[in-house]
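Asks: Just dropping this structure here.
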Amino acid sequence: MQKSFYFLFALLLLCACQHRSAQVVSATTEAIPVDASLDPIQDTVYLAQLAPTKAALEREMNVQIGYAPKDLWVGSPECPMLNWATDALWEAAKKVYPGRVDIAIVNMGGMRCSWAAGPITRGNVFELMPFDNQLVVLTLKGEDIISLCESFAQYGGQGVAGMRVKTVDGRLADVQVAGKPVDPNGLYTVATSDYLSGGTDHMDALTRYMDCWNSDLKIRDLYLEIVREQDTIRAAVDGRMTMLP
């Protein structure tokens, strides 16, 4: 019996030594379009069940909450849509933050659509801001504000409010807050999103905050409120982000 056990044990060891892990030696991919070509295989029963919910949601999203007399287009390094979004975030932060809010920052990549001249609906705001990002206010040293603007010079313009940034040939030439040069040793409060506070979109400088105040308010909800308050939405390029060759 004992010999049989040793034989079985040796056999298992031999099998283990001969085991080889599987390796991928080649791979192929195929792009499968998700478009009208798939309509013939739609689940019509499911679509019928979903129809009342879809209709109710469309009615809610199509409610007009404001009006734009001119197009709010998106483009780099500065554009009306981004300027409006950053100004709106700045104004919203001033209402809820217990202290002074010096500037606001919004990333160009966060602008998911333009608004054409005409009615602005709830759906337009959801399309602009489909994320659940929240408003935060960061306290940063002036040297980190300068570092942040240096990244703008290198990687392209972003949305700013309360400050003016000028770059020349990919280098920061000037940055001012409230009409004054940024003091490297001073402290500044920055309204932005919790997403950007993690240093995304080349904004590593935002992670060096000395304090982070979270409003627990979704930026999308703040935009909805501001569009209703303003009613007529106006924004323009005003030179706050100037990038010269």
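Ligands are numbered from 1 in the order shown, residues from 1 within each chain, and chains are lettered A, B, ... in the order they appear in the structure tokens.
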Which residues in stretch 26-238 of chain A does DSSP call alpha helix (DSSP H)? List them as a ChimeraX atom specification.
Replies: /A:44-61,80-96,122-128,142-155,219-230
Asks: Write down as a PyMOL selection string the residues belonging to stretch 83-236 of chain A that are assigned strand (DSSP E) by DSSP computed on the backbone.
Replies: chain A and resi 103-106+118-121+134-141+159-161+163-168+171-177+180-181+187-193+211-218
Asks: I'd like the neighbourhood of A:Thr200 as a list in words, where a residue qualifies if any of its atoms comes within 12 Å (using only C-alpha atoms), though same-chain residues fewer than 3 positions away should be ignored.
Replies: Val106, Asn107, Met108, Gly109, Gly110, Leu148, Ser151, Thr192, Ser193, Asp194, Tyr195, Leu196, Ser197, Met203, Asp204, Ala205, Leu206 and Thr207 of chain A
Asks: Mind writing the picked residues with N, CA and C atoms as a PDB file, in the first residue's frame?
Replies:
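This is the output file selection_35.pdb:
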ATOM      1  N   VAL A 106     -12.150  74.178 -16.136  1.00  0.00           N
ATOM      2  CA  VAL A 106     -12.923  73.116 -16.780  1.00  0.00           C
ATOM      3  C   VAL A 106     -12.102  72.605 -17.958  1.00  0.00           C
ATOM      4  N   ASN A 107     -12.088  71.301 -18.176  1.00  0.00           N
ATOM      5  CA  ASN A 107     -11.271  70.765 -19.276  1.00  0.00           C
ATOM      6  C   ASN A 107     -12.022  70.778 -20.601  1.00  0.00           C
ATOM      7  N   MET A 108     -11.283  71.045 -21.662  1.00  0.00           N
ATOM      8  CA  MET A 108     -11.842  71.071 -23.002  1.00  0.00           C
ATOM      9  C   MET A 108     -12.481  69.728 -23.357  1.00  0.00           C
ATOM     10  N   GLY A 109     -11.851  68.629 -22.938  1.00  0.00           N
ATOM     11  CA  GLY A 109     -12.375  67.307 -23.244  1.00  0.00           C
ATOM     12  C   GLY A 109     -13.710  67.019 -22.591  1.00  0.00           C
ATOM     13  N   GLY A 110     -14.051  67.800 -21.556  1.00  0.00           N
ATOM     14  CA  GLY A 110     -15.319  67.597 -20.880  1.00  0.00           C
ATOM     15  C   GLY A 110     -16.503  68.185 -21.618  1.00  0.00           C
ATOM     16  N   LEU A 148       0.285  74.595 -13.422  1.00  0.00           N
ATOM     17  CA  LEU A 148      -0.916  74.176 -14.141  1.00  0.00           C
ATOM     18  C   LEU A 148      -1.003  74.872 -15.497  1.00  0.00           C
ATOM     19  N   SER A 151       1.265  73.547 -18.102  1.00  0.00           N
ATOM     20  CA  SER A 151       0.740  72.353 -18.785  1.00  0.00           C
ATOM     21  C   SER A 151      -0.245  72.757 -19.876  1.00  0.00           C
ATOM     22  N   THR A 192     -13.415  73.441  -9.495  1.00  0.00           N
ATOM     23  CA  THR A 192     -13.235  72.500 -10.593  1.00  0.00           C
ATOM     24  C   THR A 192     -14.049  71.245 -10.305  1.00  0.00           C
ATOM     25  N   SER A 193     -13.788  70.172 -11.021  1.00  0.00           N
ATOM     26  CA  SER A 193     -14.520  68.919 -10.800  1.00  0.00           C
ATOM     27  C   SER A 193     -13.674  67.943  -9.992  1.00  0.00           C
ATOM     28  N   ASP A 194     -14.340  67.034  -9.308  1.00  0.00           N
ATOM     29  CA  ASP A 194     -13.602  66.011  -8.571  1.00  0.00           C
ATOM     30  C   ASP A 194     -12.777  65.152  -9.523  1.00  0.00           C
ATOM     31  N   TYR A 195     -13.228  65.033 -10.771  1.00  0.00           N
ATOM     32  CA  TYR A 195     -12.482  64.279 -11.784  1.00  0.00           C
ATOM     33  C   TYR A 195     -11.121  64.927 -12.045  1.00  0.00           C
ATOM     34  N   LEU A 196     -11.113  66.234 -12.259  1.00  0.00           N
ATOM     35  CA  LEU A 196      -9.852  66.922 -12.553  1.00  0.00           C
ATOM     36  C   LEU A 196      -8.963  67.036 -11.321  1.00  0.00           C
ATOM     37  N   SER A 197      -9.544  67.003 -10.136  1.00  0.00           N
ATOM     38  CA  SER A 197      -8.724  67.098  -8.923  1.00  0.00           C
ATOM     39  C   SER A 197      -7.790  65.902  -8.783  1.00  0.00           C
ATOM     40  N   MET A 203      -3.388  67.596 -15.822  1.00  0.00           N
ATOM     41  CA  MET A 203      -3.479  68.618 -14.777  1.00  0.00           C
ATOM     42  C   MET A 203      -2.934  68.083 -13.450  1.00  0.00           C
ATOM     43  N   ASP A 204      -1.722  67.559 -13.498  1.00  0.00           N
ATOM     44  CA  ASP A 204      -1.090  67.003 -12.307  1.00  0.00           C
ATOM     45  C   ASP A 204      -0.995  68.018 -11.173  1.00  0.00           C
ATOM     46  N   ALA A 205      -0.850  69.292 -11.514  1.00  0.00           N
ATOM     47  CA  ALA A 205      -0.688  70.329 -10.494  1.00  0.00           C
ATOM     48  C   ALA A 205      -1.885  70.385  -9.552  1.00  0.00           C
ATOM     49  N   LEU A 206      -3.070  70.000 -10.030  1.00  0.00           N
ATOM     50  CA  LEU A 206      -4.253  70.056  -9.176  1.00  0.00           C
ATOM     51  C   LEU A 206      -4.192  69.046  -8.039  1.00  0.00           C
ATOM     52  N   THR A 207      -3.402  68.010  -8.184  1.00  0.00           N
ATOM     53  CA  THR A 207      -3.302  67.006  -7.115  1.00  0.00           C
ATOM     54  C   THR A 207      -2.495  67.515  -5.926  1.00  0.00           C
TER      55      THR A 207
END
Asks: Report, in Å with one decimal, the straight-line distance from atom CA of A:Pro119 to atom CA of A:Leu224.
Replies: 13.6 Å
Asks: Considering only C-alpha atoms, can you say which of A:Met243, A:Val101, A:Val137, A:Ile120 comes closest to A:Val227?
Replies: A:Ile120
Asks: Skipping near chain neighbours, those fewer than 4 positions away, what residues fall within 12 Å of A:Glu58 using only C-alpha atoms, listed as a ChimeraX atom specification?
Replies: /A:51-54,62-64,121-124
Asks: Mind giving me the straight-line distance from atom CA of A:Asp201 to atom CA of A:Trp115 in Å, one decimal?
Replies: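 Interatomic distance, atom CA of A:Asp201 to atom CA of A:Trp115: 23.3 Å.
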Asks: Quick one: residues within 9 Å of stretch 90-98 of chain A, only C-alpha atoms, excluding same-chain residues fewer than 2 positions away - as a PyMOL selection string?
Replies: chain A and resi 85-88+100-105+135-137+161-162+190-192+213+215+219+222-223+226
Asks: One number please: atom CA of A:Met210 to atom CA of A:Pro184, in Å, one decimal.
Replies: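 Here the two named atoms are 14.3 Å from each other.
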Asks: Between A:Arg234, A:Arg240, A:Arg164, A:Arg228, single out the one closest to A:Ile145, counting only C-alpha atoms.
Replies: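 Closest residue, counting only C-alpha atoms: A:Arg164.
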Asks: Kindly indicate which residue among A:Thr44, A:Ser76, A:Ser147, A:Ser37 lies nearest to A:Val237, using only C-alpha atoms for the distances.
Replies: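 For A:Val237, the nearest of the given residues is A:Ser76.
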Asks: From the options A:Leu57, A:Met129, A:Ile41, A:Leu82, which residue's atoms come nearest to A:Lys218, counting only C-alpha atoms?
Replies: A:Met129
Asks: Quick one: residues within 6 Å of A:Val177, only C-alpha atoms, excluding same-chain residues fewer than 2 positions away - as a list in words?
Replies: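 Listing them by chain and then by number gives Met163, Gly179 and Lys180 of chain A.
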Asks: Of the residues A:Pro245, A:Gly118, A:Gly159, A:Pro181, which is the one nearest to A:Pro80, using only C-alpha atoms?
Replies: A:Gly159
Asks: Please identify all polymer residues within 9 Å of A:Arg208, counting only C-alpha atoms, omitting same-chain residues fewer than 5 positions from it, and present them as a CSV table (one decimal) with N, CA and C atoms, in the first residue's frame.
Replies:
chain,number,residue,atom,x,y,z
A,139,THR,N,-7.6,74.4,-2.7
A,139,THR,CA,-6.7,75.4,-2.3
A,139,THR,C,-5.3,75.1,-2.7
A,140,LEU,N,-4.8,75.9,-3.6
A,140,LEU,CA,-3.4,75.7,-4.2
A,140,LEU,C,-2.5,76.8,-4.0
A,141,LYS,N,-1.2,76.5,-4.0
A,141,LYS,CA,-0.2,77.5,-3.9
A,141,LYS,C,-0.1,78.2,-5.3
A,144,ASP,N,1.8,76.3,-7.9
A,144,ASP,CA,1.1,75.2,-8.6
A,144,ASP,C,0.1,75.7,-9.6
A,197,SER,N,-9.5,67.0,-10.1
A,197,SER,CA,-8.7,67.1,-8.9
A,197,SER,C,-7.8,65.9,-8.8
A,199,GLY,N,-5.9,65.0,-11.2
A,199,GLY,CA,-4.8,65.2,-12.1
A,199,GLY,C,-4.9,64.7,-13.5
